[in-house]
Structures are given as C-alpha cells and as structure tokens.
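**Q** Sharing coords-v2.csv below, CSV, C-alpha atoms:
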```csv
chain,number,residue,atom,x,y,z
A,1377,LYS,CA,74.8,112.3,106.9
A,1378,ILE,CA,73.9,114.9,104.2
A,1379,SER,CA,70.9,115.4,102.1
A,1380,LYS,CA,70.4,115.9,98.3
A,1381,GLU,CA,70.6,119.7,98.8
A,1382,ASP,CA,73.9,119.5,100.7
A,1383,ILE,CA,75.4,117.0,98.2
A,1384,ALA,CA,74.5,119.5,95.4
A,1385,LYS,CA,76.6,122.2,97.1
A,1386,ILE,CA,79.6,120.0,97.7
A,1387,GLU,CA,79.6,117.8,94.5
A,1388,PRO,CA,77.1,119.4,92.0
A,1389,LYS,CA,77.8,116.8,89.3
A,1390,ILE,CA,76.3,114.1,91.5
A,1391,VAL,CA,72.9,115.8,91.4
A,1392,GLU,CA,73.1,117.3,87.9
A,1393,LYS,CA,70.6,115.6,85.5
A,1394,ARG,CA,69.6,113.1,88.1
A,1395,ASP,CA,66.0,112.1,88.3
A,1396,SER,CA,64.3,114.7,90.4
A,1397,ASP,CA,62.2,111.9,92.2
A,1398,GLU,CA,65.4,110.0,93.2
A,1399,ASN,CA,66.1,110.6,96.8
A,1400,ILE,CA,69.8,110.3,97.6
A,1401,LEU,CA,71.8,110.5,100.9
A,1402,ALA,CA,75.5,110.4,101.6
A,1403,LEU,CA,78.0,110.2,104.4
A,1404,PHE,CA,80.4,113.1,104.3
A,1405,SER,CA,83.7,113.7,106.0
A,1406,GLU,CA,86.0,116.6,105.8
A,1407,ASN,CA,88.8,114.7,107.5
A,1408,GLY,CA,90.2,113.1,104.4
A,1409,TYR,CA,93.5,113.8,102.5
A,1410,ALA,CA,94.8,113.0,99.1
A,1411,VAL,CA,98.3,111.5,99.5
A,1412,ASP,CA,101.0,110.9,96.9
A,1413,PHE,CA,102.3,107.7,98.4
A,1414,GLY,CA,105.2,107.6,95.9
A,1415,LYS,CA,106.5,111.0,97.2
A,1416,LEU,CA,105.7,109.9,100.8
A,1417,SER,CA,107.9,106.7,100.4
A,1418,GLU,CA,110.7,108.9,99.0
A,1419,SER,CA,110.5,111.2,102.0
A,1420,PHE,CA,110.7,108.1,104.4
A,1421,VAL,CA,114.0,107.1,102.7
A,1422,LYS,CA,115.5,110.6,102.7
A,1423,ASN,CA,114.6,111.2,106.3
A,1424,SER,CA,116.0,107.8,107.3
A,1425,LEU,CA,119.3,108.5,105.6
A,1426,LYS,CA,119.5,111.9,107.4
A,1427,THR,CA,119.8,110.1,110.8
A,1428,ASN,CA,123.4,109.1,110.0
A,1429,LYS,CA,122.6,105.5,111.0
A,1430,ASN,CA,124.0,102.5,109.0
A,1431,ILE,CA,121.2,102.3,106.4
A,1432,ASP,CA,121.5,100.8,102.9
A,1433,VAL,CA,118.8,101.1,100.3
A,1434,TYR,CA,118.8,98.7,97.4
A,1435,LEU,CA,116.4,99.6,94.6
A,1436,ASN,CA,115.6,97.4,91.6
A,1437,THR,CA,117.0,94.5,93.5
A,1438,GLU,CA,115.2,91.1,93.2
A,1439,VAL,CA,115.0,89.0,96.4
A,1440,ILE,CA,115.5,85.4,95.2
A,1441,LYS,CA,115.1,83.6,98.5
A,1442,ILE,CA,115.2,83.9,102.2
A,1443,GLU,CA,116.9,81.1,104.2
A,1444,LYS,CA,116.7,80.3,107.9
A,1445,LYS,CA,120.1,79.8,109.5
A,1446,GLU,CA,121.1,78.7,113.0
A,1447,LYS,CA,121.5,82.4,113.8
A,1448,GLY,CA,119.1,84.7,111.9
A,1449,TYR,CA,118.4,84.7,108.2
A,1450,THR,CA,120.2,84.9,104.9
A,1451,VAL,CA,118.5,87.0,102.2
A,1452,VAL,CA,119.7,86.1,98.7
A,1453,THR,CA,119.2,88.8,96.1
A,1454,GLY,CA,120.2,89.2,92.5
A,1455,LYS,CA,123.0,91.5,93.5
A,1456,ASN,CA,124.3,90.4,96.9
A,1457,ILE,CA,123.7,88.2,100.0
A,1458,LEU,CA,122.5,89.8,103.2
A,1459,LYS,CA,122.5,88.4,106.7
A,1460,ALA,CA,120.0,89.6,109.3
A,1461,ASN,CA,118.9,88.7,112.8
A,1462,VAL,CA,115.4,90.0,112.1
A,1463,VAL,CA,113.6,90.3,108.8
A,1464,VAL,CA,110.4,92.1,107.8
A,1465,VAL,CA,108.9,91.0,104.4
A,1466,ALA,CA,106.5,93.5,102.9
A,1467,THR,CA,106.2,92.4,99.3
A,1468,ALA,CA,102.4,92.1,98.9
A,1469,GLY,CA,101.5,88.8,97.3
A,1470,HIS,CA,105.1,87.6,97.3
A,1471,SER,CA,105.2,87.9,101.1
A,1472,LEU,CA,103.0,84.8,101.3
A,1473,LEU,CA,105.3,83.0,98.8
A,1474,PHE,CA,108.3,83.7,101.1
A,1475,ALA,CA,106.3,82.6,104.1
A,1476,HIS,CA,105.4,79.3,102.5
A,1477,SER,CA,109.1,78.7,101.6
A,1478,LEU,CA,109.9,79.0,105.3
A,1479,GLY,CA,107.0,76.8,106.5
A,1480,TYR,CA,104.6,79.6,107.6
A,1481,GLY,CA,101.1,80.4,106.5
A,1482,LYS,CA,100.4,77.2,104.7
A,1483,LYS,CA,96.7,77.6,105.5
A,1484,TYR,CA,96.5,80.6,103.2
A,1485,ILE,CA,96.6,81.1,99.5
A,1486,LEU,CA,95.9,84.1,97.4
A,1487,LEU,CA,93.1,85.3,95.0
A,1488,PRO,CA,94.9,88.0,93.1
A,1489,VAL,CA,92.5,90.8,92.0
A,1490,ALA,CA,93.7,93.3,89.4
A,1491,GLY,CA,92.3,96.8,89.5
A,1492,SER,CA,91.9,99.0,86.4
A,1493,PHE,CA,90.7,102.6,86.0
A,1494,PHE,CA,88.9,104.9,83.6
A,1495,LYS,CA,89.4,108.7,83.4
A,1496,ALA,CA,87.4,111.7,82.4
A,1497,GLU,CA,87.7,115.5,82.6
A,1498,LYS,CA,87.4,117.2,86.0
A,1499,MET,CA,84.0,116.3,87.5
A,1500,LEU,CA,84.5,115.9,91.2
A,1501,ASN,CA,86.0,117.9,94.0
A,1502,GLY,CA,86.8,115.0,96.3
A,1503,LYS,CA,86.5,111.2,96.6
A,1504,VAL,CA,83.0,109.8,96.1
A,1505,TYR,CA,82.2,106.1,96.8
A,1506,THR,CA,79.3,104.1,95.7
A,1507,MET,CA,77.7,101.7,98.2
A,1508,GLN,CA,79.9,98.8,99.3
A,1509,ILE,CA,78.5,95.2,98.7
A,1510,LYS,CA,78.8,93.6,102.1
A,1511,LYS,CA,80.0,90.2,100.9
A,1512,LEU,CA,82.8,91.6,98.8
A,1513,PRO,CA,86.2,92.5,100.1
A,1514,PHE,CA,87.0,94.6,97.0
A,1515,ALA,CA,86.6,98.4,97.2
A,1516,ALA,CA,83.4,99.8,95.7
A,1517,ILE,CA,83.7,101.7,92.5
A,1518,HIS,CA,84.5,105.4,93.3
A,1519,GLY,CA,85.6,108.6,91.6
A,1520,ASP,CA,88.2,111.1,92.7
A,1521,PRO,CA,90.5,113.7,91.3
A,1522,ASP,CA,93.8,112.3,90.0
A,1523,ILE,CA,96.4,113.4,92.5
A,1524,LEU,CA,99.0,114.0,89.7
A,1525,ASN,CA,96.5,115.9,87.5
A,1526,SER,CA,93.7,117.7,89.3
A,1527,GLU,CA,92.0,118.4,85.9
A,1528,GLU,CA,91.2,114.7,85.5
A,1529,THR,CA,88.8,112.4,87.5
A,1530,ARG,CA,89.5,108.7,87.9
A,1531,PHE,CA,86.8,106.1,88.2
A,1532,GLY,CA,87.4,102.6,89.4
A,1533,PRO,CA,88.7,100.2,90.3
A,1534,THR,CA,87.4,97.3,88.3
A,1535,ALA,CA,88.2,93.9,89.9
A,1536,LYS,CA,89.5,91.2,87.6
A,1537,VAL,CA,90.8,87.9,89.0
A,1538,LEU,CA,94.2,87.2,87.4
A,1539,PRO,CA,96.6,84.3,88.1
A,1540,MET,CA,99.7,86.5,88.8
A,1541,LEU,CA,101.2,88.2,91.8
A,1542,GLU,CA,102.3,91.4,90.0
A,1543,ARG,CA,100.3,93.2,87.3
A,1544,TYR,CA,101.9,93.1,83.8
A,1545,HIS,CA,104.8,90.9,85.1
A,1546,TYR,CA,103.8,87.7,83.5
A,1547,ARG,CA,106.5,85.5,84.9
A,1548,THR,CA,104.8,85.9,88.3
A,1549,VAL,CA,102.1,83.6,87.0
A,1550,PHE,CA,104.5,80.8,88.0
A,1551,ASP,CA,104.8,82.4,91.5
A,1552,PHE,CA,101.0,82.3,91.8
A,1553,PHE,CA,100.9,78.6,91.0
A,1554,LYS,CA,103.8,77.9,93.4
A,1555,LEU,CA,101.4,78.9,96.3
A,1556,PHE,CA,99.1,76.0,95.4
A,1557,GLU,CA,101.6,73.2,95.2
A,1558,VAL,CA,98.8,71.2,93.4
A,1559,ARG,CA,96.9,71.1,96.7
A,1560,LEU,CA,93.4,69.8,96.6
A,1561,ASP,CA,92.3,71.9,99.6
A,1562,ALA,CA,93.5,75.1,97.9
A,1563,ILE,CA,91.7,74.3,94.6
A,1564,LEU,CA,88.5,73.4,96.5
A,1565,ALA,CA,88.7,76.6,98.5
A,1566,LEU,CA,88.9,78.8,95.4
A,1567,ILE,CA,86.1,76.8,93.7
A,1568,LYS,CA,83.8,77.3,96.7
A,1569,ILE,CA,84.5,81.1,96.8
A,1570,LEU,CA,84.1,81.7,93.1
A,1571,SER,CA,81.0,79.6,92.9
A,1572,ASP,CA,79.2,81.9,95.3
A,1573,LYS,CA,76.4,83.6,93.3
A,1574,ILE,CA,77.3,87.2,94.3
A,1575,ILE,CA,81.1,86.8,93.9
A,1576,PHE,CA,80.7,84.9,90.6
A,1577,LYS,CA,78.4,87.5,89.1
A,1578,TYR,CA,80.8,90.3,90.3
A,1579,VAL,CA,83.9,88.6,88.9
A,1580,LEU,CA,82.2,87.9,85.5
A,1581,LYS,CA,81.0,91.5,85.2
A,1582,ASN,CA,84.4,92.9,86.0
A,1583,PHE,CA,86.0,90.7,83.2
A,1584,ILE,CA,83.7,92.5,80.8
A,1585,TYR,CA,85.0,96.0,81.8
A,1586,ASP,CA,88.4,95.3,80.3
A,1587,ILE,CA,87.0,94.3,76.9
A,1588,PRO,CA,87.5,97.2,74.4
A,1589,LEU,CA,84.4,99.3,73.7
A,1590,ILE,CA,82.0,96.8,75.3
A,1591,GLY,CA,83.8,97.2,78.6
A,1592,LYS,CA,83.5,101.0,78.5
A,1593,ILE,CA,79.8,100.8,77.7
A,1594,ALA,CA,79.2,98.4,80.6
A,1595,PHE,CA,81.3,100.5,83.0
A,1596,LEU,CA,79.5,103.7,82.1
A,1597,LYS,CA,76.4,102.4,83.9
A,1598,GLN,CA,78.5,102.2,87.1
A,1599,VAL,CA,80.0,105.6,86.7
A,1600,ARG,CA,76.5,107.1,86.2
A,1601,LYS,CA,75.6,106.1,89.7
A,1602,ILE,CA,78.0,108.8,90.7
A,1603,ILE,CA,77.7,111.3,87.8
A,1604,PRO,CA,74.4,110.8,85.8
A,1605,SER,CA,75.3,113.3,83.1
A,1606,ILE,CA,78.6,111.6,82.0
A,1607,LYS,CA,78.7,110.6,78.3
A,1608,LEU,CA,80.4,107.6,76.7
A,1609,ASN,CA,82.9,109.7,74.8
A,1610,GLN,CA,84.0,111.4,78.0
A,1611,LEU,CA,85.2,108.2,79.5
A,1612,LYS,CA,88.6,106.8,78.6
A,1613,TYR,CA,90.3,103.5,79.7
A,1614,LEU,CA,93.7,104.1,81.4
A,1615,LYS,CA,96.2,101.6,80.0
A,1616,LYS,CA,98.7,100.0,82.4
A,1617,VAL,CA,97.3,101.8,85.4
A,1618,GLY,CA,96.5,99.8,88.5
A,1619,GLY,CA,98.0,96.9,90.3
A,1620,ILE,CA,97.2,93.6,92.0
A,1621,ARG,CA,95.3,93.3,95.3
A,1622,PRO,CA,96.2,90.0,96.9
A,1623,GLN,CA,93.0,88.8,98.6
A,1624,ILE,CA,93.8,86.2,101.3
A,1625,VAL,CA,92.0,82.9,101.1
A,1626,ASP,CA,91.8,80.6,104.1
A,1627,VAL,CA,91.9,77.1,102.7
A,1628,VAL,CA,90.8,75.5,106.0
A,1629,ASP,CA,87.6,77.5,106.4
A,1630,LYS,CA,87.3,78.0,102.6
A,1631,LYS,CA,86.6,81.7,102.8
A,1632,LEU,CA,88.0,85.1,101.9
A,1633,GLU,CA,89.9,86.9,104.7
A,1634,PHE,CA,89.0,90.6,104.7
A,1635,GLY,CA,91.6,93.3,105.0
A,1636,GLU,CA,95.3,92.9,105.5
A,1637,SER,CA,97.1,89.9,107.0
A,1638,LYS,CA,100.2,89.6,109.1
A,1639,ILE,CA,102.1,86.4,109.7
A,1640,ILE,CA,104.6,86.4,112.7
A,1641,GLY,CA,107.4,83.8,112.7
A,1642,GLU,CA,110.6,83.3,114.5
A,1643,ASN,CA,112.2,86.8,114.3
A,1644,ILE,CA,110.5,87.3,111.0
A,1645,ILE,CA,107.3,89.2,109.9
A,1646,PHE,CA,105.3,88.8,106.7
A,1647,ASP,CA,103.0,91.6,105.7
A,1648,ILE,CA,100.4,90.7,103.1
A,1649,THR,CA,98.5,93.9,102.5
A,1650,PRO,CA,95.7,94.5,100.0
A,1651,SER,CA,96.3,97.0,97.2
A,1652,PRO,CA,99.8,98.6,97.6
A,1653,GLY,CA,99.1,98.8,101.4
A,1654,ALA,CA,100.0,102.5,101.3
A,1655,SER,CA,97.1,103.7,103.4
A,1656,THR,CA,98.1,101.3,106.3
A,1657,CYS,CA,101.8,101.7,106.0
A,1658,LEU,CA,102.4,103.7,109.1
A,1659,SER,CA,100.1,101.6,111.2
A,1660,ASN,CA,102.0,98.5,110.0
A,1661,ALA,CA,105.3,100.3,110.8
A,1662,GLU,CA,104.1,100.9,114.4
A,1663,LYS,CA,103.0,97.3,114.9
A,1664,ASN,CA,106.2,95.9,113.3
A,1665,THR,CA,108.5,98.2,115.3
A,1666,LYS,CA,106.9,97.0,118.6
A,1667,LYS,CA,107.4,93.4,117.5
A,1668,ILE,CA,111.0,93.9,116.3
A,1669,VAL,CA,111.8,95.4,119.8
A,1670,GLU,CA,110.4,92.2,121.3
A,1671,PHE,CA,112.5,90.0,118.9
A,1672,PHE,CA,115.7,91.7,120.1
A,1673,GLY,CA,114.8,90.9,123.7
A,1674,ASN,CA,113.9,94.6,124.5
A,1675,LYS,CA,117.5,95.7,124.0
A,1676,TYR,CA,116.0,98.7,122.1
A,1677,LYS,CA,113.1,101.0,122.8
A,1678,PHE,CA,110.4,102.4,120.5
A,1679,ASN,CA,109.6,106.0,121.2
A,1680,ARG,CA,105.9,105.8,120.4
A,1681,GLU,CA,105.2,109.3,121.8
A,1682,LYS,CA,107.6,110.9,119.4
A,1683,PHE,CA,106.2,108.7,116.6
A,1684,MET,CA,102.6,109.9,117.3
A,1685,LYS,CA,103.6,113.6,117.4
A,1686,ASP,CA,103.4,113.7,113.6
A,1687,PHE,CA,99.7,112.8,113.8
A,1688,ASP,CA,98.8,115.6,116.3
A,1689,LYS,CA,99.0,118.3,113.6
```
Can I see the file as structure tokens?

**A**
Amino acid sequence: KISKEDIAKIEPKIVEKRDSDENILALFSENGYAVDFGKLSESFVKNSLKTNKNIDVYLNTEVIKIEKKEKGYTVVTGKNILKANVVVVATAGHSLLFAHSLGYGKKYILLPVAGSFFKAEKMLNGKVYTMQIKKLPFAAIHGDPDILNSEETRFGPTAKVLPMLERYHYRTVFDFFKLFEVRLDAILALIKILSDKIIFKYVLKNFIYDIPLIGKIAFLKQVRKIIPSIKLNQLKYLKKVGGIRPQIVDVVDKKLEFGESKIIGENIIFDITPSPGASTCLSNAEKNTKKIVEFFGNKYKFNREKFMKDFDK
C-alpha cells in the first residue's frame, strides 16, 4: 500500500492538479510485465515446429463443425477434414457453441461484452486501475502505455453488451442466437441479470461511451479518476480496437459466472476464456496437458518440472 507522496513519485500525473484535500491510496506491485501476446503466440508456434514433431498449423481456417465418432472426433473445416482421438477447443465464445452441438454445457449461455478503448499522449509509466465494482465481472477502467507505442496511453475498456460472438464479424450474431435455441430459461436468466440495478446502470452507461462526442465527454469523467488534468481534446476514440469478452451465464442459477470456464467431455476440452484469454494461456496449457495425458490412458508423460523452469527466471 502506498501513500499520495509515493504515488506522485511513481505516477506523477495521478496527483497533478488533483484536489489537495483528496486523500488517495494505491496498491503497488513491481512484479508486473507488459506482454505482446501476438508475438508470444508466434513464438509458441515457431518453437513447436523446431521440435521436429508431426505438427501442422492451419491459419485462416474456419472450423465448421466437430462430430463425435465411434473412435474419436472428426473436425470439419473450410479447407479439409481432420480426425483426432483428443480435441481441445479454445475459441472463446464459439467454444460454448461447439460444446452445445455435442451435448455439453447446456446449462450455460453467454453474455458477450465488447470492450472499446480511448487513447491519449504518454501520461502513465505503468498500468493504473480504478477500483473494481464487486458485483461486476468486467475489468475496471484502467490506463496503461500502449505496448506497440510507448508514447501513447490507452484507457478502457468500456463494456458494451452486443449480441455477437466476434467483434465486427456480424454474421456471428446468428451464432449468438444459436446458443439460446429459443429457450425460456436462457431468456429469463438474461432478463434477471440485466435487470439488476447495478448491472443495468453499468450497461446503460457503457452504451453511451460509444456515441460520438457525447461518449467521449462521458468517458472523460472516468479517465479523470486516474489523471485529473486530462482535457477533452487529448482523448481520442480508437476505432476497431478491442474484442468480445464472453461472460458465462448459468441459466439454472440465473447468475453470471466470474472468470474463465472449462468444460470437460469425453476426450474433449472446451475452454471459454474471458477477453482473449491471453493472460491465462499457459495456466490453461498446463491444466489441459495434464488432462490430455489422462485421456490417452497415461501412455504419455507431462514433464511439469521442465515446463516450470521457464517461470523461475
């Protein structure tokens, strides 16, 4: 826990032009890293191919359906048909759609939440979060340097509920409604969640943020919680930046499930992660590898000690 004086040394813009009578505190950690997850995923592929194992990578390939067969699964894509004894589906919101098609996870639907961002000139040295609202599973608005351009600071995300599984891919609206199958329990679950006063107010406010000019004025108030001195003309809306966070909805208990979700089937795993799931990718890899070894009747071994060596540095 650090005081106002300490905050001023680490992030001077947080204190600059703030009311002198306002007492502020923060939790501070030096053990945080900015990661380019695009480059990280590329390195995973490159290092995997260096092992000289039989690995095929199919990019820009749509998976049309997954079928359960007497032995294993058939994965039908737009380019070819693949057969597998074990399948891991890690396709964000579409993971649940594939799970439903195979009879799994019927008690869950999705509340897709789209995140948008604003940018300004460099104002922060690290990531700064505002306080999280306990009842909300969405990340609190925060500011941090853009990993691809350290001279810019990003603020966000906003959280707008949209009926689609992939941002800017409007045909996925149909995929979203496939999850419902015109089920009364699914509709009632969403009505109950969105009628909650705190959630309804939050959703309504976030719709406003995407409205030209009005949205920027409204969002400025949130950004000034972090940087009091920021002006309206310094804030710019980032077009087509941000994706969909698939929030899990339990239709039986009619509530939002916090965090990521994993559905285990017969020799198949469905990962439904919030956001792109990047920050939990290696944790998921460890859990899934252990399960895959089980699926194969322990014919293989997972060298966890070697896996963990990368994190000892």

**Q** List as an NGL selection string the protein and nucleic acid residues near Phe1404 in chain A, meaning an atom at most 9 Å away when all atoms listed in the file are counted, but skip any in the same chain fewer than 5 places from it.

**A** :A and (1377-1378 or 1383)

**Q** Could you tell me how far CA of Ile1639 in chain A sits from CA of Pro1533 in chain A, in Å to one decimal place?

**A**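 One can read the CA of Pro1533 in chain A to CA of Ile1639 in chain A distance as 27.3 Å.
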
**Q** Pick out the residues sitting within 9 Å of Val1411 in chain A, and hand them over as a list in words; count all atoms listed in the file, and ignore anything fewer than 4 positions along from it in its own chain.

**A**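 Returned residues: Lys1415, Leu1416, Ile1523 and Ser1655 of chain A.
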
**Q** Between A:Ile1644, A:Ile1574, A:Leu1564, A:Leu1472, which residue has the minimum interatomic distance to Glu1670 in chain A, considering all atoms listed in the file?

**A**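 Closest residue, counting all atoms listed in the file: A:Ile1644.
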
**Q** Write out as an NGL selection string each polymer residue whose atoms come within 8 Å of range 1433-1441 of chain A, counting all atoms listed in the file; drop sequence neighbours fewer than 4 positions from it.

**A** :A and (1451-1455 or 1474)

**Q** Between CA of Phe1646 in chain A and CA of Lys1667 in chain A, what is the spacing in Å?

**A**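 Separation between CA of Lys1667 in chain A and CA of Phe1646 in chain A: 11.9 Å.
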
**Q** Between CA of Asn1664 in chain A and CA of Lys1447 in chain A, what is the distance, to one decimal in Å?

**A**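 Separation between CA of Asn1664 in chain A and CA of Lys1447 in chain A: 20.4 Å.
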
**Q** Starting from the incomplete input, reconstruct N, CA and C atoms of range 1503-1536 of chain A and write that as a PDB file, in the coordinates of the input.

**A**
```pdb
ATOM      1  N   LYS A1503      86.745 112.638  96.825  1.00  0.00           N
ATOM      2  CA  LYS A1503      86.500 111.200  96.600  1.00  0.00           C
ATOM      3  C   LYS A1503      85.047 110.872  96.879  1.00  0.00           C
ATOM      4  N   VAL A1504      84.409 110.191  95.939  1.00  0.00           N
ATOM      5  CA  VAL A1504      83.000 109.800  96.100  1.00  0.00           C
ATOM      6  C   VAL A1504      82.869 108.305  95.833  1.00  0.00           C
ATOM      7  N   TYR A1505      82.403 107.600  96.860  1.00  0.00           N
ATOM      8  CA  TYR A1505      82.200 106.100  96.800  1.00  0.00           C
ATOM      9  C   TYR A1505      80.777 105.786  96.496  1.00  0.00           C
ATOM     10  N   THR A1506      80.583 104.706  95.741  1.00  0.00           N
ATOM     11  CA  THR A1506      79.300 104.100  95.700  1.00  0.00           C
ATOM     12  C   THR A1506      79.121 103.155  96.857  1.00  0.00           C
ATOM     13  N   MET A1507      77.956 102.563  97.029  1.00  0.00           N
ATOM     14  CA  MET A1507      77.700 101.700  98.200  1.00  0.00           C
ATOM     15  C   MET A1507      78.523 100.393  98.074  1.00  0.00           C
ATOM     16  N   GLN A1508      79.105  99.989  99.186  1.00  0.00           N
ATOM     17  CA  GLN A1508      79.900  98.800  99.300  1.00  0.00           C
ATOM     18  C   GLN A1508      78.944  97.551  99.361  1.00  0.00           C
ATOM     19  N   ILE A1509      79.236  96.499  98.580  1.00  0.00           N
ATOM     20  CA  ILE A1509      78.500  95.200  98.700  1.00  0.00           C
ATOM     21  C   ILE A1509      79.109  94.475  99.877  1.00  0.00           C
ATOM     22  N   LYS A1510      78.309  94.163 100.884  1.00  0.00           N
ATOM     23  CA  LYS A1510      78.800  93.600 102.100  1.00  0.00           C
ATOM     24  C   LYS A1510      79.689  92.357 101.947  1.00  0.00           C
ATOM     25  N   LYS A1511      79.308  91.477 101.052  1.00  0.00           N
ATOM     26  CA  LYS A1511      80.000  90.200 100.900  1.00  0.00           C
ATOM     27  C   LYS A1511      81.336  90.296 100.213  1.00  0.00           C
ATOM     28  N   LEU A1512      81.593  91.450  99.595  1.00  0.00           N
ATOM     29  CA  LEU A1512      82.800  91.600  98.800  1.00  0.00           C
ATOM     30  C   LEU A1512      83.892  92.368  99.509  1.00  0.00           C
ATOM     31  N   PRO A1513      85.125  91.839  99.487  1.00  0.00           N
ATOM     32  CA  PRO A1513      86.200  92.500 100.100  1.00  0.00           C
ATOM     33  C   PRO A1513      86.864  93.591  99.226  1.00  0.00           C
ATOM     34  N   PHE A1514      86.392  93.688  97.989  1.00  0.00           N
ATOM     35  CA  PHE A1514      87.000  94.600  97.000  1.00  0.00           C
ATOM     36  C   PHE A1514      86.340  96.017  97.221  1.00  0.00           C
ATOM     37  N   ALA A1515      87.139  97.053  97.002  1.00  0.00           N
ATOM     38  CA  ALA A1515      86.600  98.400  97.200  1.00  0.00           C
ATOM     39  C   ALA A1515      85.540  98.715  96.159  1.00  0.00           C
ATOM     40  N   ALA A1516      84.490  99.374  96.633  1.00  0.00           N
ATOM     41  CA  ALA A1516      83.400  99.800  95.700  1.00  0.00           C
ATOM     42  C   ALA A1516      83.915 100.780  94.718  1.00  0.00           C
ATOM     43  N   ILE A1517      83.303 100.793  93.546  1.00  0.00           N
ATOM     44  CA  ILE A1517      83.700 101.700  92.500  1.00  0.00           C
ATOM     45  C   ILE A1517      83.517 103.167  93.013  1.00  0.00           C
ATOM     46  N   HIS A1518      84.525 103.979  92.796  1.00  0.00           N
ATOM     47  CA  HIS A1518      84.500 105.400  93.300  1.00  0.00           C
ATOM     48  C   HIS A1518      85.151 106.288  92.243  1.00  0.00           C
ATOM     49  N   GLY A1519      84.926 107.565  92.426  1.00  0.00           N
ATOM     50  CA  GLY A1519      85.600 108.600  91.600  1.00  0.00           C
ATOM     51  C   GLY A1519      86.274 109.584  92.432  1.00  0.00           C
ATOM     52  N   ASP A1520      87.424 110.046  91.962  1.00  0.00           N
ATOM     53  CA  ASP A1520      88.200 111.100  92.700  1.00  0.00           C
ATOM     54  C   ASP A1520      89.134 111.791  91.754  1.00  0.00           C
ATOM     55  N   PRO A1521      89.512 113.027  92.089  1.00  0.00           N
ATOM     56  CA  PRO A1521      90.500 113.700  91.300  1.00  0.00           C
ATOM     57  C   PRO A1521      91.828 113.000  91.265  1.00  0.00           C
ATOM     58  N   ASP A1522      92.467 112.942  90.103  1.00  0.00           N
ATOM     59  CA  ASP A1522      93.800 112.300  90.000  1.00  0.00           C
ATOM     60  C   ASP A1522      94.778 113.192  90.756  1.00  0.00           C
ATOM     61  N   ILE A1523      95.499 112.589  91.681  1.00  0.00           N
ATOM     62  CA  ILE A1523      96.400 113.400  92.500  1.00  0.00           C
ATOM     63  C   ILE A1523      97.548 113.996  91.725  1.00  0.00           C
ATOM     64  N   LEU A1524      97.886 113.427  90.566  1.00  0.00           N
ATOM     65  CA  LEU A1524      99.000 114.000  89.700  1.00  0.00           C
ATOM     66  C   LEU A1524      98.433 114.954  88.678  1.00  0.00           C
ATOM     67  N   ASN A1525      97.121 114.975  88.506  1.00  0.00           N
ATOM     68  CA  ASN A1525      96.500 115.900  87.500  1.00  0.00           C
ATOM     69  C   ASN A1525      95.094 116.216  88.001  1.00  0.00           C
ATOM     70  N   SER A1526      94.943 117.321  88.695  1.00  0.00           N
ATOM     71  CA  SER A1526      93.700 117.700  89.300  1.00  0.00           C
ATOM     72  C   SER A1526      92.574 117.996  88.270  1.00  0.00           C
ATOM     73  N   GLU A1527      92.970 118.127  86.995  1.00  0.00           N
ATOM     74  CA  GLU A1527      92.000 118.400  85.900  1.00  0.00           C
ATOM     75  C   GLU A1527      91.375 117.119  85.389  1.00  0.00           C
ATOM     76  N   GLU A1528      91.780 115.983  85.948  1.00  0.00           N
ATOM     77  CA  GLU A1528      91.200 114.700  85.500  1.00  0.00           C
ATOM     78  C   GLU A1528      90.549 114.010  86.722  1.00  0.00           C
ATOM     79  N   THR A1529      89.511 113.243  86.433  1.00  0.00           N
ATOM     80  CA  THR A1529      88.800 112.400  87.500  1.00  0.00           C
ATOM     81  C   THR A1529      89.020 110.967  87.092  1.00  0.00           C
ATOM     82  N   ARG A1530      89.395 110.176  88.072  1.00  0.00           N
ATOM     83  CA  ARG A1530      89.500 108.700  87.900  1.00  0.00           C
ATOM     84  C   ARG A1530      88.321 108.004  88.412  1.00  0.00           C
ATOM     85  N   PHE A1531      87.935 106.942  87.721  1.00  0.00           N
ATOM     86  CA  PHE A1531      86.800 106.100  88.200  1.00  0.00           C
ATOM     87  C   PHE A1531      87.334 104.643  88.218  1.00  0.00           C
ATOM     88  N   GLY A1532      87.017 103.951  89.290  1.00  0.00           N
ATOM     89  CA  GLY A1532      87.400 102.600  89.400  1.00  0.00           C
ATOM     90  C   GLY A1532      87.477 102.198  90.900  1.00  0.00           C
ATOM     91  N   PRO A1533      88.124 101.114  91.274  1.00  0.00           N
ATOM     92  CA  PRO A1533      88.700 100.200  90.300  1.00  0.00           C
ATOM     93  C   PRO A1533      87.781  99.099  89.878  1.00  0.00           C
ATOM     94  N   THR A1534      88.085  98.542  88.717  1.00  0.00           N
ATOM     95  CA  THR A1534      87.400  97.300  88.300  1.00  0.00           C
ATOM     96  C   THR A1534      88.127  96.204  89.170  1.00  0.00           C
ATOM     97  N   ALA A1535      87.630  95.006  89.138  1.00  0.00           N
ATOM     98  CA  ALA A1535      88.200  93.900  89.900  1.00  0.00           C
ATOM     99  C   ALA A1535      88.240  92.639  89.148  1.00  0.00           C
ATOM    100  N   LYS A1536      89.343  92.415  88.438  1.00  0.00           N
ATOM    101  CA  LYS A1536      89.500  91.200  87.600  1.00  0.00           C
ATOM    102  C   LYS A1536      90.403  90.229  88.195  1.00  0.00           C
TER     103      LYS A1536
END
```
